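I have placed the structure first, in the form of structure tokens, so that the comments after it can refer back to it.
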Amino acid sequence: MRWFYVRARARQPLITGDRVSGSGNLLLSVPWIGGESMRGALAGALLARGMREDDPWFQEAIVQERLSIGRLYPMLEDAGNVEPDRDMALAMPATVLVCKRDASHGLFSGNRRGTCPKCGGKLKTAEGAVVQGKDRPLAVKPKTYLRTGSAVDSMRESVSEGNLYSRQVLAEGSRFGGFVRLPRSLDPARLTAVDDLRVGTAKRSGFGRVSLTWEPLPHGPFSDNPLAKRLPEQPDAQGRYHVALHLQTPLVLTDPLLNPRFDLAVDDLRVHGPDLHWGIEGYARRTELLGGWATLINRPKLHRPALAAGTVIPLSIRGARKAVRAALQSIEDHGLGEGFGAGHGLVLVNPPLSFPHAKEATPS
Ligand SMILES: [Zn+2]
């Protein structure tokens, strides 16, 4: 497998997906670019550049979904005064906490009964995306603004006051980044030649243009920090390695009747390492509803619930270190659950982020 980190800069405002707001006349945007809409946009760009639909590259990468594009998360602005150590945006782990009083007090790990080390205030779960800053991880959100428009009442062919609406859009200049995987059998130059795309909706009304840069990652998701370094050197006294799976994109699991499932099972893991003893130690879990627009067929997609990006699943694995590493490498390379080609089930093992601990609150 060949990995890239793709960076996208918005040259126009973006509308990447809808989120429900409290007010009926306000439409919110999701703060990322979905892998599936990126893949659809890429397909369109390749065809526009003269690639034929029956080209074997197109068939394998796009139609058979062997090209996998994870979610593109917002990145720090260049103008920021804190230089990132690692310019790679990751899903905010569901285990991370932020001060309720002042989010600038930092990002912490621990449990929610702990308190902010800066002010002693209460903590809440952090959301969004995270980038490793020079000395600490930093929360990132894209810049947004509201566009106001009026919906035309087609019966009266007029605009009525109640039809005024506001649309949150992601600002031009915003940067996003995400992991992309391409099989070794496919020429990467055909992918990296695409440096300009239109993503999201309202592409005909001055929205959605992004420019792309592709960074090849020779050793998988973190080239300077390959999996061997992210795995503990020694097992515990029982011979178990403790690691945490961090979902970078939603995890879609179904039972034999195709109903959604929200618990990862040992069987989901055993395919990657049949001879190892897998233990699922618990969850820091969120769920989300997947939906959006299928660009290739130009139709809305069916909504389905999934384990959300940011979910953290701690595991214990008993076996030889080499075998444990190979199994975890297989999980990073092939993903978990369904729809890896559509960008679902992208998992990173122990991403290199270190959060200071929240203060333990004294029990009263
Ligand atoms: Zn605080």
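Residues are named by chain letter and number: chains run A, B, ... in the order of the structure tokens, numbers start at 1 in each chain, and ligands are numbered from 1 in the order shown.
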
Got a sec to check which residues lie within 7 Å of ligand 1, using only C-alpha atoms and all ligand atoms, and send them as a count of residues only? 11

Spatial neighbours of Asp275 (chain A), 12 Å, only C-alpha atoms, chain gap at least 6 places, as a PyMOL selection string: chain A and resi 267+269+317-320+323-324+326-327

From the options A:Val349, A:Arg9, A:Arg321, A:Glu60, which residue's atoms come nearest to Asp187 (chain A), counting only C-alpha atoms?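 Distance minimum relative to Asp187 (chain A) lands on A:Glu60.
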
Write down as a VMD selection string the residues belonging to region 132-295 of chain A that are assigned strand (DSSP E) by DSSP computed on the backbone. chain A and resid 132 to 133 137 to 140 144 to 153 158 to 170 175 to 182 196 to 198 209 to 217 240 to 247 253 to 254 260 to 261 277 to 280 287 to 290 293 to 294

Can you tell me how far CA of Ile69 (chain A) sits from CA of Val180 (chain A), in Å to one decimal? 4.5 Å

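Inside region 139-296 of chain A, the residues DSSP reads as alpha helix (DSSP H) when given the backbone are Ala189, Arg190, Leu191, Thr192, Leu227, Ala228, Lys229, Arg230, Val266, Asp267, Asp268, Leu269 and Arg270 of chain A.
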
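Between CA of Gly173 (chain A) and CA of Leu138 (chain A) there is a distance of 19.3 Å.
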
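Atom pair CA of Leu253 (chain A) / CA of Ala265 (chain A) has a distance of 9.6 Å (rounded to one decimal).
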
Which residues are close to Leu146 (chain A), i.e. within 10 Å by only C-alpha atoms, leaving aside same-chain residues fewer than 3 positions away? Reply as an NGL selection string. :A and (26-28 or 149 or 165-171)

Need the shell around Leu90 (chain A): protein/DNA/RNA residues with any atom at most 10 Å away, counting only C-alpha atoms. Skip same-chain ones fewer than 3 positions apart. Format as a list in words?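 That gives Arg71, Leu72, Tyr73, Pro74, Met75, Asp87, Pro93, Gly128, Ala129, Val130, Val131, Gln132, Ala139, Val140, Gly177, Gly178, Phe179, His246, Leu247, Gln248, Thr249, Ala309, Gly310, Leu348, Pro351 and Leu353 of chain A.
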
List the neighbours of Ala43 (chain A) out to 12 Å using only C-alpha atoms; skip same-chain residues closer than 4 positions along the sequence, and give me the result as an MDAnalysis selection string. chainID A and resid 36:39 47:53 55 57:63 65 67 190:191 194 197:199 294:297

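The smallest atom-to-atom distance between Thr125 (chain A) and any of A:Leu46, A:Val98, A:Leu107, A:Leu346, using only C-alpha atoms, is found for A:Val98.
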
Do a neighbour search on Asp195 (chain A) at 10 Å with only C-alpha atoms, toss out local chain neighbours closer than 4 positions, and write the hits as a ChimeraX atom specification. /A:7-8,42,45,191,210-214

Arg209 (chain A) surroundings by only C-alpha atoms, 8 Å radius, close-in-sequence under 5 positions cut, as a list in words: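 Using only C-alpha atoms, the neighbours found are Ala10, Arg11, Gln12, Pro13, Leu14, Asp196, Leu197, Arg198, Val199 and Lys203 of chain A.
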
Given only C-alpha atoms as the counted atoms, nearest of A:Ile313, A:Gly343, A:Pro352, A:Gly133 to Gly35 (chain A):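 Using only C-alpha atoms, Gly35 (chain A) sits closest to A:Gly343.
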
May I ask which of the residues A:Gly106, A:Pro84, A:Pro188, A:Gly34 is the closest one to Phe355 (chain A), counting only C-alpha atoms?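 Closest to Phe355 (chain A), using only C-alpha atoms: A:Gly106.
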
Just checking: using only C-alpha atoms, which residue out of A:Glu172, A:Asp333, A:Asp263, A:Glu233 ends up closest to Phe207 (chain A)?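 Going through A:Glu172, A:Asp333, A:Asp263, A:Glu233 one by one, the smallest distance to Phe207 (chain A) is for A:Glu172.
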
Which one of A:Thr95, A:Thr148, A:Ser223, A:Ser316 sits closest to Gly110 (chain A) if you count only C-alpha atoms? A:Thr95
